[in-house]
>>> print(open('upload38.pdb').read())   # PDB, N, CA and C atoms, pLDDT in the B column
ATOM      1  N   MET A   1      61.568  39.217 164.243  1.00 88.00           N
ATOM      2  CA  MET A   1      62.946  39.566 164.510  1.00 88.00           C
ATOM      3  C   MET A   1      63.836  38.741 163.600  1.00 88.00           C
ATOM      4  N   SER A   2      64.856  39.347 163.084  1.00 93.00           N
ATOM      5  CA  SER A   2      65.806  38.666 162.198  1.00 93.00           C
ATOM      6  C   SER A   2      66.846  37.923 163.015  1.00 93.00           C
ATOM      7  N   THR A   3      67.472  36.971 162.383  1.00 94.00           N
ATOM      8  CA  THR A   3      68.527  36.190 163.022  1.00 94.00           C
ATOM      9  C   THR A   3      69.848  36.469 162.332  1.00 94.00           C
ATOM     10  N   MET A   4      70.911  36.540 163.153  1.00 94.00           N
ATOM     11  CA  MET A   4      72.256  36.745 162.628  1.00 94.00           C
ATOM     12  C   MET A   4      73.177  35.781 163.379  1.00 94.00           C
ATOM     13  N   ASN A   5      73.927  35.013 162.663  1.00 95.00           N
ATOM     14  CA  ASN A   5      74.889  34.109 163.278  1.00 95.00           C
ATOM     15  C   ASN A   5      76.279  34.703 163.147  1.00 95.00           C
ATOM     16  N   ILE A   6      77.041  34.633 164.227  1.00 95.00           N
ATOM     17  CA  ILE A   6      78.419  35.129 164.189  1.00 95.00           C
ATOM     18  C   ILE A   6      79.355  34.043 164.704  1.00 95.00           C
ATOM     19  N   SER A   7      80.570  34.101 164.238  1.00 97.00           N
ATOM     20  CA  SER A   7      81.609  33.177 164.699  1.00 97.00           C
ATOM     21  C   SER A   7      82.586  33.953 165.563  1.00 97.00           C
ATOM     22  N   LEU A   8      82.918  33.390 166.715  1.00 97.00           N
ATOM     23  CA  LEU A   8      83.846  34.032 167.635  1.00 97.00           C
ATOM     24  C   LEU A   8      84.954  33.056 168.002  1.00 97.00           C
ATOM     25  N   PRO A   9      86.155  33.572 168.189  1.00 98.00           N
ATOM     26  CA  PRO A   9      87.195  32.720 168.764  1.00 98.00           C
ATOM     27  C   PRO A   9      86.759  32.312 170.181  1.00 98.00           C
ATOM     28  N   GLU A  10      87.280  31.210 170.663  1.00 98.00           N
ATOM     29  CA  GLU A  10      86.871  30.689 171.967  1.00 98.00           C
ATOM     30  C   GLU A  10      87.040  31.711 173.089  1.00 98.00           C
ATOM     31  N   ALA A  11      88.115  32.491 173.040  1.00 98.00           N
ATOM     32  CA  ALA A  11      88.354  33.482 174.096  1.00 98.00           C
ATOM     33  C   ALA A  11      87.250  34.541 174.125  1.00 98.00           C
ATOM     34  N   LEU A  12      86.804  34.995 172.953  1.00 98.00           N
ATOM     35  CA  LEU A  12      85.723  35.983 172.914  1.00 98.00           C
ATOM     36  C   LEU A  12      84.397  35.377 173.349  1.00 98.00           C
ATOM     37  N   LYS A  13      84.137  34.144 172.963  1.00 97.00           N
ATOM     38  CA  LYS A  13      82.909  33.478 173.392  1.00 97.00           C
ATOM     39  C   LYS A  13      82.891  33.329 174.909  1.00 97.00           C
ATOM     40  N   ALA A  14      84.027  32.960 175.490  1.00 98.00           N
ATOM     41  CA  ALA A  14      84.114  32.840 176.948  1.00 98.00           C
ATOM     42  C   ALA A  14      83.853  34.188 177.610  1.00 98.00           C
ATOM     43  N   PHE A  15      84.388  35.265 177.018  1.00 98.00           N
ATOM     44  CA  PHE A  15      84.151  36.602 177.561  1.00 98.00           C
ATOM     45  C   PHE A  15      82.663  36.941 177.514  1.00 98.00           C
ATOM     46  N   VAL A  16      82.013  36.689 176.381  1.00 98.00           N
ATOM     47  CA  VAL A  16      80.579  36.956 176.249  1.00 98.00           C
ATOM     48  C   VAL A  16      79.800  36.151 177.284  1.00 98.00           C
ATOM     49  N   ASP A  17      80.134  34.887 177.436  1.00 97.00           N
ATOM     50  CA  ASP A  17      79.451  34.045 178.420  1.00 97.00           C
ATOM     51  C   ASP A  17      79.612  34.601 179.833  1.00 97.00           C
ATOM     52  N   GLN A  18      80.799  35.092 180.167  1.00 98.00           N
ATOM     53  CA  GLN A  18      81.030  35.706 181.478  1.00 98.00           C
ATOM     54  C   GLN A  18      80.172  36.957 181.663  1.00 98.00           C
ATOM     55  N   GLN A  19      80.093  37.767 180.615  1.00 98.00           N
ATOM     56  CA  GLN A  19      79.295  38.985 180.694  1.00 98.00           C
ATOM     57  C   GLN A  19      77.815  38.658 180.876  1.00 98.00           C
ATOM     58  N   VAL A  20      77.349  37.668 180.156  1.00 98.00           N
ATOM     59  CA  VAL A  20      75.939  37.272 180.241  1.00 98.00           C
ATOM     60  C   VAL A  20      75.615  36.820 181.657  1.00 98.00           C
ATOM     61  N   SER A  21      76.426  35.946 182.202  1.00 97.00           N
ATOM     62  CA  SER A  21      76.126  35.413 183.533  1.00 97.00           C
ATOM     63  C   SER A  21      76.407  36.432 184.634  1.00 97.00           C
ATOM     64  N   GLY A  22      77.432  37.246 184.465  1.00 97.00           N
ATOM     65  CA  GLY A  22      77.819  38.186 185.513  1.00 97.00           C
ATOM     66  C   GLY A  22      77.049  39.488 185.524  1.00 97.00           C
ATOM     67  N   ARG A  23      76.420  39.836 184.426  1.00 97.00           N
ATOM     68  CA  ARG A  23      75.750  41.138 184.346  1.00 97.00           C
ATOM     69  C   ARG A  23      74.243  41.009 184.187  1.00 97.00           C
ATOM     70  N   GLY A  24      73.718  39.819 184.349  1.00 95.00           N
ATOM     71  CA  GLY A  24      72.275  39.646 184.392  1.00 95.00           C
ATOM     72  C   GLY A  24      71.567  39.562 183.052  1.00 95.00           C
ATOM     73  N   PHE A  25      72.286  39.313 181.988  1.00 97.00           N
ATOM     74  CA  PHE A  25      71.635  39.117 180.704  1.00 97.00           C
ATOM     75  C   PHE A  25      71.092  37.700 180.634  1.00 97.00           C
ATOM     76  N   GLY A  26      69.941  37.523 180.000  1.00 97.00           N
ATOM     77  CA  GLY A  26      69.361  36.195 179.873  1.00 97.00           C
ATOM     78  C   GLY A  26      70.055  35.342 178.828  1.00 97.00           C
ATOM     79  N   THR A  27      70.518  35.997 177.773  1.00 97.00           N
ATOM     80  CA  THR A  27      71.148  35.272 176.668  1.00 97.00           C
ATOM     81  C   THR A  27      72.271  36.123 176.085  1.00 97.00           C
ATOM     82  N   SER A  28      73.107  35.482 175.290  1.00 97.00           N
ATOM     83  CA  SER A  28      74.165  36.231 174.605  1.00 97.00           C
ATOM     84  C   SER A  28      73.565  37.206 173.598  1.00 97.00           C
ATOM     85  N   SER A  29      72.398  36.886 173.051  1.00 96.00           N
ATOM     86  CA  SER A  29      71.735  37.809 172.117  1.00 96.00           C
ATOM     87  C   SER A  29      71.356  39.109 172.816  1.00 96.00           C
ATOM     88  N   GLU A  30      70.868  39.028 174.047  1.00 97.00           N
ATOM     89  CA  GLU A  30      70.532  40.241 174.802  1.00 97.00           C
ATOM     90  C   GLU A  30      71.775  41.094 175.017  1.00 97.00           C
ATOM     91  N   TYR A  31      72.886  40.442 175.339  1.00 98.00           N
ATOM     92  CA  TYR A  31      74.141  41.159 175.549  1.00 98.00           C
ATOM     93  C   TYR A  31      74.588  41.863 174.269  1.00 98.00           C
ATOM     94  N   VAL A  32      74.546  41.164 173.156  1.00 97.00           N
ATOM     95  CA  VAL A  32      74.964  41.751 171.883  1.00 97.00           C
ATOM     96  C   VAL A  32      74.034  42.897 171.489  1.00 97.00           C
ATOM     97  N   ARG A  33      72.721  42.728 171.687  1.00 97.00           N
ATOM     98  CA  ARG A  33      71.791  43.822 171.381  1.00 97.00           C
ATOM     99  C   ARG A  33      72.107  45.060 172.215  1.00 97.00           C
ATOM    100  N   GLU A  34      72.439  44.855 173.491  1.00 98.00           N
ATOM    101  CA  GLU A  34      72.803  45.989 174.350  1.00 98.00           C
ATOM    102  C   GLU A  34      74.069  46.672 173.849  1.00 98.00           C
ATOM    103  N   LEU A  35      75.059  45.902 173.419  1.00 98.00           N
ATOM    104  CA  LEU A  35      76.276  46.491 172.863  1.00 98.00           C
ATOM    105  C   LEU A  35      75.967  47.320 171.624  1.00 98.00           C
ATOM    106  N   ILE A  36      75.091  46.807 170.778  1.00 98.00           N
ATOM    107  CA  ILE A  36      74.731  47.528 169.548  1.00 98.00           C
ATOM    108  C   ILE A  36      73.998  48.816 169.889  1.00 98.00           C
ATOM    109  N   ARG A  37      73.065  48.765 170.842  1.00 98.00           N
ATOM    110  CA  ARG A  37      72.351  49.982 171.254  1.00 98.00           C
ATOM    111  C   ARG A  37      73.317  51.027 171.802  1.00 98.00           C
ATOM    112  N   LYS A  38      74.252  50.587 172.624  1.00 98.00           N
ATOM    113  CA  LYS A  38      75.231  51.528 173.178  1.00 98.00           C
ATOM    114  C   LYS A  38      76.094  52.132 172.073  1.00 98.00           C
ATOM    115  N   ASP A  39      76.441  51.342 171.076  1.00 98.00           N
ATOM    116  CA  ASP A  39      77.233  51.862 169.964  1.00 98.00           C
ATOM    117  C   ASP A  39      76.417  52.868 169.156  1.00 98.00           C
ATOM    118  N   GLN A  40      75.126  52.588 168.958  1.00 98.00           N
ATOM    119  CA  GLN A  40      74.256  53.551 168.265  1.00 98.00           C
ATOM    120  C   GLN A  40      74.213  54.866 169.036  1.00 98.00           C
ATOM    121  N   ASP A  41      74.039  54.778 170.360  1.00 98.00           N
ATOM    122  CA  ASP A  41      74.014  55.985 171.193  1.00 98.00           C
ATOM    123  C   ASP A  41      75.328  56.742 171.088  1.00 98.00           C
ATOM    124  N   ARG A  42      76.443  56.009 171.130  1.00 98.00           N
ATOM    125  CA  ARG A  42      77.757  56.640 171.045  1.00 98.00           C
ATOM    126  C   ARG A  42      77.931  57.371 169.717  1.00 98.00           C
ATOM    127  N   GLN A  43      77.506  56.730 168.638  1.00 98.00           N
ATOM    128  CA  GLN A  43      77.625  57.367 167.325  1.00 98.00           C
ATOM    129  C   GLN A  43      76.725  58.594 167.219  1.00 98.00           C
ATOM    130  N   TYR A  44      75.522  58.519 167.788  1.00 98.00           N
ATOM    131  CA  TYR A  44      74.616  59.667 167.769  1.00 98.00           C
ATOM    132  C   TYR A  44      75.232  60.834 168.544  1.00 98.00           C
ATOM    133  N   LEU A  45      75.735  60.559 169.746  1.00 98.00           N
ATOM    134  CA  LEU A  45      76.353  61.613 170.547  1.00 98.00           C
ATOM    135  C   LEU A  45      77.591  62.183 169.869  1.00 98.00           C
ATOM    136  N   ARG A  46      78.369  61.333 169.228  1.00 98.00           N
ATOM    137  CA  ARG A  46      79.549  61.808 168.496  1.00 98.00           C
ATOM    138  C   ARG A  46      79.127  62.766 167.381  1.00 98.00           C
ATOM    139  N   GLY A  47      78.052  62.418 166.694  1.00 98.00           N
ATOM    140  CA  GLY A  47      77.539  63.300 165.651  1.00 98.00           C
ATOM    141  C   GLY A  47      77.117  64.651 166.205  1.00 98.00           C
ATOM    142  N   LEU A  48      76.452  64.638 167.358  1.00 97.00           N
ATOM    143  CA  LEU A  48      76.063  65.905 167.986  1.00 97.00           C
ATOM    144  C   LEU A  48      77.287  66.735 168.360  1.00 97.00           C
ATOM    145  N   LEU A  49      78.298  66.083 168.902  1.00 97.00           N
ATOM    146  CA  LEU A  49      79.516  66.801 169.265  1.00 97.00           C
ATOM    147  C   LEU A  49      80.214  67.381 168.045  1.00 97.00           C
ATOM    148  N   LEU A  50      80.273  66.609 166.972  1.00 98.00           N
ATOM    149  CA  LEU A  50      80.905  67.113 165.754  1.00 98.00           C
ATOM    150  C   LEU A  50      80.101  68.267 165.158  1.00 98.00           C
ATOM    151  N   ASP A  51      78.770  68.154 165.192  1.00 97.00           N
ATOM    152  CA  ASP A  51      77.930  69.256 164.717  1.00 97.00           C
ATOM    153  C   ASP A  51      78.170  70.512 165.549  1.00 97.00           C
ATOM    154  N   GLY A  52      78.257  70.328 166.859  1.00 95.00           N
ATOM    155  CA  GLY A  52      78.515  71.470 167.735  1.00 95.00           C
ATOM    156  C   GLY A  52      79.874  72.089 167.476  1.00 95.00           C
ATOM    157  N   ALA A  53      80.867  71.246 167.270  1.00 96.00           N
ATOM    158  CA  ALA A  53      82.214  71.757 167.010  1.00 96.00           C
ATOM    159  C   ALA A  53      82.283  72.513 165.684  1.00 96.00           C
ATOM    160  N   ALA A  54      81.454  72.111 164.732  1.00 97.00           N
ATOM    161  CA  ALA A  54      81.468  72.759 163.421  1.00 97.00           C
ATOM    162  C   ALA A  54      80.584  74.007 163.374  1.00 97.00           C
ATOM    163  N   SER A  55      79.791  74.228 164.398  1.00 96.00           N
ATOM    164  CA  SER A  55      78.876  75.371 164.381  1.00 96.00           C
ATOM    165  C   SER A  55      79.609  76.663 164.734  1.00 96.00           C
ATOM    166  N   ALA A  56      78.957  77.757 164.432  1.00 95.00           N
ATOM    167  CA  ALA A  56      79.545  79.071 164.693  1.00 95.00           C
ATOM    168  C   ALA A  56      79.636  79.320 166.202  1.00 95.00           C
ATOM    169  N   PRO A  57      80.683  80.004 166.638  1.00 92.00           N
ATOM    170  CA  PRO A  57      80.816  80.332 168.059  1.00 92.00           C
ATOM    171  C   PRO A  57      79.664  81.225 168.522  1.00 92.00           C
ATOM    172  N   THR A  58      79.328  81.101 169.785  1.00 88.00           N
ATOM    173  CA  THR A  58      78.286  81.935 170.387  1.00 88.00           C
ATOM    174  C   THR A  58      78.891  82.699 171.549  1.00 88.00           C
ATOM    175  N   GLU A  59      78.047  83.460 172.209  1.00 86.00           N
ATOM    176  CA  GLU A  59      78.539  84.196 173.374  1.00 86.00           C
ATOM    177  C   GLU A  59      78.913  83.218 174.486  1.00 86.00           C
ATOM    178  N   ALA A  60      79.755  83.682 175.390  1.00 86.00           N
ATOM    179  CA  ALA A  60      80.198  82.833 176.499  1.00 86.00           C
ATOM    180  C   ALA A  60      79.024  82.473 177.397  1.00 86.00           C
ATOM    181  N   VAL A  61      79.049  81.268 177.918  1.00 90.00           N
ATOM    182  CA  VAL A  61      78.006  80.795 178.821  1.00 90.00           C
ATOM    183  C   VAL A  61      78.529  80.894 180.243  1.00 90.00           C
ATOM    184  N   ASP A  62      77.742  81.531 181.106  1.00 93.00           N
ATOM    185  CA  ASP A  62      78.145  81.660 182.506  1.00 93.00           C
ATOM    186  C   ASP A  62      76.977  81.255 183.408  1.00 93.00           C
ATOM    187  N   ALA A  63      77.119  81.455 184.693  1.00 95.00           N
ATOM    188  CA  ALA A  63      76.082  81.056 185.650  1.00 95.00           C
ATOM    189  C   ALA A  63      74.776  81.790 185.373  1.00 95.00           C
ATOM    190  N   GLY A  64      74.846  83.032 184.961  1.00 93.00           N
ATOM    191  CA  GLY A  64      73.639  83.800 184.650  1.00 93.00           C
ATOM    192  C   GLY A  64      72.846  83.180 183.510  1.00 93.00           C
ATOM    193  N   TYR A  65      73.531  82.672 182.521  1.00 92.00           N
ATOM    194  CA  TYR A  65      72.859  82.022 181.397  1.00 92.00           C
ATOM    195  C   TYR A  65      72.055  80.830 181.891  1.00 92.00           C
ATOM    196  N   PHE A  66      72.683  79.997 182.728  1.00 95.00           N
ATOM    197  CA  PHE A  66      71.976  78.810 183.228  1.00 95.00           C
ATOM    198  C   PHE A  66      70.829  79.191 184.162  1.00 95.00           C
ATOM    199  N   ASP A  67      70.995  80.263 184.944  1.00 95.00           N
ATOM    200  CA  ASP A  67      69.908  80.735 185.802  1.00 95.00           C
ATOM    201  C   ASP A  67      68.706  81.160 184.962  1.00 95.00           C
ATOM    202  N   SER A  68      68.948  81.904 183.886  1.00 94.00           N
ATOM    203  CA  SER A  68      67.838  82.340 183.031  1.00 94.00           C
ATOM    204  C   SER A  68      67.203  81.153 182.311  1.00 94.00           C
ATOM    205  N   LEU A  69      67.999  80.178 181.940  1.00 93.00           N
ATOM    206  CA  LEU A  69      67.471  78.976 181.303  1.00 93.00           C
ATOM    207  C   LEU A  69      66.565  78.218 182.276  1.00 93.00           C
ATOM    208  N   ARG A  70      66.991  78.073 183.515  1.00 96.00           N
ATOM    209  CA  ARG A  70      66.159  77.410 184.528  1.00 96.00           C
ATOM    210  C   ARG A  70      64.860  78.172 184.744  1.00 96.00           C
ATOM    211  N   ASP A  71      64.939  79.505 184.794  1.00 95.00           N
ATOM    212  CA  ASP A  71      63.736  80.324 184.971  1.00 95.00           C
ATOM    213  C   ASP A  71      62.748  80.111 183.835  1.00 95.00           C
ATOM    214  N   ARG A  72      63.245  80.052 182.594  1.00 95.00           N
ATOM    215  CA  ARG A  72      62.353  79.825 181.442  1.00 95.00           C
ATOM    216  C   ARG A  72      61.683  78.461 181.544  1.00 95.00           C
ATOM    217  N   VAL A  73      62.419  77.460 181.937  1.00 95.00           N
ATOM    218  CA  VAL A  73      61.854  76.112 182.064  1.00 95.00           C
ATOM    219  C   VAL A  73      60.801  76.091 183.171  1.00 95.00           C
ATOM    220  N   ARG A  74      61.081  76.731 184.281  1.00 95.00           N
ATOM    221  CA  ARG A  74      60.105  76.773 185.378  1.00 95.00           C
ATOM    222  C   ARG A  74      58.822  77.491 184.949  1.00 95.00           C
ATOM    223  N   ARG A  75      58.958  78.589 184.221  1.00 94.00           N
ATOM    224  CA  ARG A  75      57.768  79.324 183.756  1.00 94.00           C
ATOM    225  C   ARG A  75      56.926  78.462 182.828  1.00 94.00           C
ATOM    226  N   ARG A  76      57.572  77.728 181.948  1.00 92.00           N
ATOM    227  CA  ARG A  76      56.836  76.843 181.045  1.00 92.00           C
ATOM    228  C   ARG A  76      56.143  75.725 181.802  1.00 92.00           C
ATOM    229  N   ALA A  77      56.776  75.231 182.842  1.00 90.00           N
ATOM    230  CA  ALA A  77      56.214  74.105 183.606  1.00 90.00           C
ATOM    231  C   ALA A  77      54.980  74.530 184.411  1.00 90.00           C
ATOM    232  N   THR A  78      54.882  75.800 184.767  1.00 89.00           N
ATOM    233  CA  THR A  78      53.750  76.275 185.576  1.00 89.00           C
ATOM    234  C   THR A  78      52.587  76.739 184.713  1.00 89.00           C
ATOM    235  N   LYS A  79      52.753  76.790 183.402  1.00 78.00           N
ATOM    236  CA  LYS A  79      51.659  77.226 182.516  1.00 78.00           C
ATOM    237  C   LYS A  79      50.622  76.161 182.343  1.00 78.00           C
TER     238      LYS A  79
END
>>> encode(input="upload38.pdb", output="structure tokens")
Amino acid sequence: MSTMNISLPEALKAFVDQQVSGRGFGTSSEYVRELIRKDQDRQYLRGLLLDGAASAPTEAVDAGYFDSLRDRVRRRATK
């Protein structure tokens, strides 16, 4: 594992320390890694949303569409 050192103003360090102790993280490194993972997830989801927004429109989705989708999944699960 690589090491990265960061400098924080005292107020931010105090905030990190509070988060570590209050949210069950063992170390500030665990907290920072969790923040980075969440940011990666957020960026991935944002990309999916932007891709969806840029895609061609499709037919309207209604309750029947979801019912047929559930039926297809159930059929696959029983095979």
>>> closest_residue(input="upload38.pdb", among="A:Ser29, A:Ile36, A:Gly64, A:Arg74", to="Met1 of chain A", atoms="only C-alpha atoms")
A:Ser29
>>> select_by_dssp(input="upload38.pdb", residues="chain A", states="alpha helix (DSSP H)", output="VMD selection string")
chain A and resid 10 to 22 28 to 54 63 to 78
>>> residues_near_point(input="upload38.pdb", point="(77.0, 41.2, 176.3)", cutoff="7 Å", atoms="only N, CA and C atoms", output="PyMOL selection string")
chain A and resi 16+19-20+27-35
>>> atom_distance(input="upload38.pdb", atom1="atom N of Leu50 of chain A", atom2="atom CA of Lys38 of chain A")
17.1 Å
>>> atom_distance(input="upload38.pdb", atom1="atom CA of Gln43 of chain A", atom2="atom CA of Thr58 of chain A")
24.8 Å
>>> axis_aligned_box(input="upload38.pdb", around="segment 8-12 of chain A", padding_each_side="4 Å", output="JSON")
{"center_x": 85.6, "center_y": 33.3, "center_z": 170.4, "size_x": 13.4, "size_y": 13.3, "size_z": 15.4}
>>> atom_distance(input="upload38.pdb", atom1="atom C of Phe25 of chain A", atom2="atom C of Lys13 of chain A")
13.8 Å
>>> build_atoms(input="upload38.pdb", residues="segment 50-69 of chain A", atoms="N, CA, C and O atoms", output="PDB file, keeping the file's coordinate frame")
ATOM      1  N   LEU A  50      80.273  66.609 166.972  1.00 98.00           N
ATOM      2  CA  LEU A  50      80.905  67.113 165.754  1.00 98.00           C
ATOM      3  C   LEU A  50      80.101  68.267 165.158  1.00 98.00           C
ATOM      4  O   LEU A  50      80.677  69.251 164.682  1.00 98.00           O
ATOM      5  N   ASP A  51      78.770  68.154 165.192  1.00 97.00           N
ATOM      6  CA  ASP A  51      77.930  69.256 164.717  1.00 97.00           C
ATOM      7  C   ASP A  51      78.170  70.512 165.549  1.00 97.00           C
ATOM      8  O   ASP A  51      78.285  71.615 165.015  1.00 97.00           O
ATOM      9  N   GLY A  52      78.257  70.328 166.859  1.00 95.00           N
ATOM     10  CA  GLY A  52      78.515  71.470 167.735  1.00 95.00           C
ATOM     11  C   GLY A  52      79.874  72.089 167.476  1.00 95.00           C
ATOM     12  O   GLY A  52      80.016  73.312 167.447  1.00 95.00           O
ATOM     13  N   ALA A  53      80.867  71.246 167.270  1.00 96.00           N
ATOM     14  CA  ALA A  53      82.214  71.757 167.010  1.00 96.00           C
ATOM     15  C   ALA A  53      82.283  72.513 165.684  1.00 96.00           C
ATOM     16  O   ALA A  53      83.062  73.456 165.539  1.00 96.00           O
ATOM     17  N   ALA A  54      81.454  72.111 164.732  1.00 97.00           N
ATOM     18  CA  ALA A  54      81.468  72.759 163.421  1.00 97.00           C
ATOM     19  C   ALA A  54      80.584  74.007 163.374  1.00 97.00           C
ATOM     20  O   ALA A  54      80.639  74.763 162.411  1.00 97.00           O
ATOM     21  N   SER A  55      79.791  74.228 164.398  1.00 96.00           N
ATOM     22  CA  SER A  55      78.876  75.371 164.381  1.00 96.00           C
ATOM     23  C   SER A  55      79.609  76.663 164.734  1.00 96.00           C
ATOM     24  O   SER A  55      80.720  76.649 165.265  1.00 96.00           O
ATOM     25  N   ALA A  56      78.957  77.757 164.432  1.00 95.00           N
ATOM     26  CA  ALA A  56      79.545  79.071 164.693  1.00 95.00           C
ATOM     27  C   ALA A  56      79.636  79.320 166.202  1.00 95.00           C
ATOM     28  O   ALA A  56      78.777  78.891 166.964  1.00 95.00           O
ATOM     29  N   PRO A  57      80.683  80.004 166.638  1.00 92.00           N
ATOM     30  CA  PRO A  57      80.816  80.332 168.059  1.00 92.00           C
ATOM     31  C   PRO A  57      79.664  81.225 168.522  1.00 92.00           C
ATOM     32  O   PRO A  57      79.102  81.996 167.748  1.00 92.00           O
ATOM     33  N   THR A  58      79.328  81.101 169.785  1.00 88.00           N
ATOM     34  CA  THR A  58      78.286  81.935 170.387  1.00 88.00           C
ATOM     35  C   THR A  58      78.891  82.699 171.549  1.00 88.00           C
ATOM     36  O   THR A  58      80.082  82.569 171.847  1.00 88.00           O
ATOM     37  N   GLU A  59      78.047  83.460 172.209  1.00 86.00           N
ATOM     38  CA  GLU A  59      78.539  84.196 173.374  1.00 86.00           C
ATOM     39  C   GLU A  59      78.913  83.218 174.486  1.00 86.00           C
ATOM     40  O   GLU A  59      78.437  82.084 174.524  1.00 86.00           O
ATOM     41  N   ALA A  60      79.755  83.682 175.390  1.00 86.00           N
ATOM     42  CA  ALA A  60      80.198  82.833 176.499  1.00 86.00           C
ATOM     43  C   ALA A  60      79.024  82.473 177.397  1.00 86.00           C
ATOM     44  O   ALA A  60      78.105  83.270 177.595  1.00 86.00           O
ATOM     45  N   VAL A  61      79.049  81.268 177.918  1.00 90.00           N
ATOM     46  CA  VAL A  61      78.006  80.795 178.821  1.00 90.00           C
ATOM     47  C   VAL A  61      78.529  80.894 180.243  1.00 90.00           C
ATOM     48  O   VAL A  61      79.619  80.417 180.550  1.00 90.00           O
ATOM     49  N   ASP A  62      77.742  81.531 181.106  1.00 93.00           N
ATOM     50  CA  ASP A  62      78.145  81.660 182.506  1.00 93.00           C
ATOM     51  C   ASP A  62      76.977  81.255 183.408  1.00 93.00           C
ATOM     52  O   ASP A  62      75.946  80.773 182.928  1.00 93.00           O
ATOM     53  N   ALA A  63      77.119  81.455 184.693  1.00 95.00           N
ATOM     54  CA  ALA A  63      76.082  81.056 185.650  1.00 95.00           C
ATOM     55  C   ALA A  63      74.776  81.790 185.373  1.00 95.00           C
ATOM     56  O   ALA A  63      73.690  81.216 185.519  1.00 95.00           O
ATOM     57  N   GLY A  64      74.846  83.032 184.961  1.00 93.00           N
ATOM     58  CA  GLY A  64      73.639  83.800 184.650  1.00 93.00           C
ATOM     59  C   GLY A  64      72.846  83.180 183.510  1.00 93.00           C
ATOM     60  O   GLY A  64      71.606  83.174 183.531  1.00 93.00           O
ATOM     61  N   TYR A  65      73.531  82.672 182.521  1.00 92.00           N
ATOM     62  CA  TYR A  65      72.859  82.022 181.397  1.00 92.00           C
ATOM     63  C   TYR A  65      72.055  80.830 181.891  1.00 92.00           C
ATOM     64  O   TYR A  65      70.893  80.657 181.526  1.00 92.00           O
ATOM     65  N   PHE A  66      72.683  79.997 182.728  1.00 95.00           N
ATOM     66  CA  PHE A  66      71.976  78.810 183.228  1.00 95.00           C
ATOM     67  C   PHE A  66      70.829  79.191 184.162  1.00 95.00           C
ATOM     68  O   PHE A  66      69.789  78.551 184.166  1.00 95.00           O
ATOM     69  N   ASP A  67      70.995  80.263 184.944  1.00 95.00           N
ATOM     70  CA  ASP A  67      69.908  80.735 185.802  1.00 95.00           C
ATOM     71  C   ASP A  67      68.706  81.160 184.962  1.00 95.00           C
ATOM     72  O   ASP A  67      67.560  80.811 185.262  1.00 95.00           O
ATOM     73  N   SER A  68      68.948  81.904 183.886  1.00 94.00           N
ATOM     74  CA  SER A  68      67.838  82.340 183.031  1.00 94.00           C
ATOM     75  C   SER A  68      67.203  81.153 182.311  1.00 94.00           C
ATOM     76  O   SER A  68      65.982  81.115 182.124  1.00 94.00           O
ATOM     77  N   LEU A  69      67.999  80.178 181.940  1.00 93.00           N
ATOM     78  CA  LEU A  69      67.471  78.976 181.303  1.00 93.00           C
ATOM     79  C   LEU A  69      66.565  78.218 182.276  1.00 93.00           C
ATOM     80  O   LEU A  69      65.459  77.799 181.904  1.00 93.00           O
TER      81      LEU A  69
END
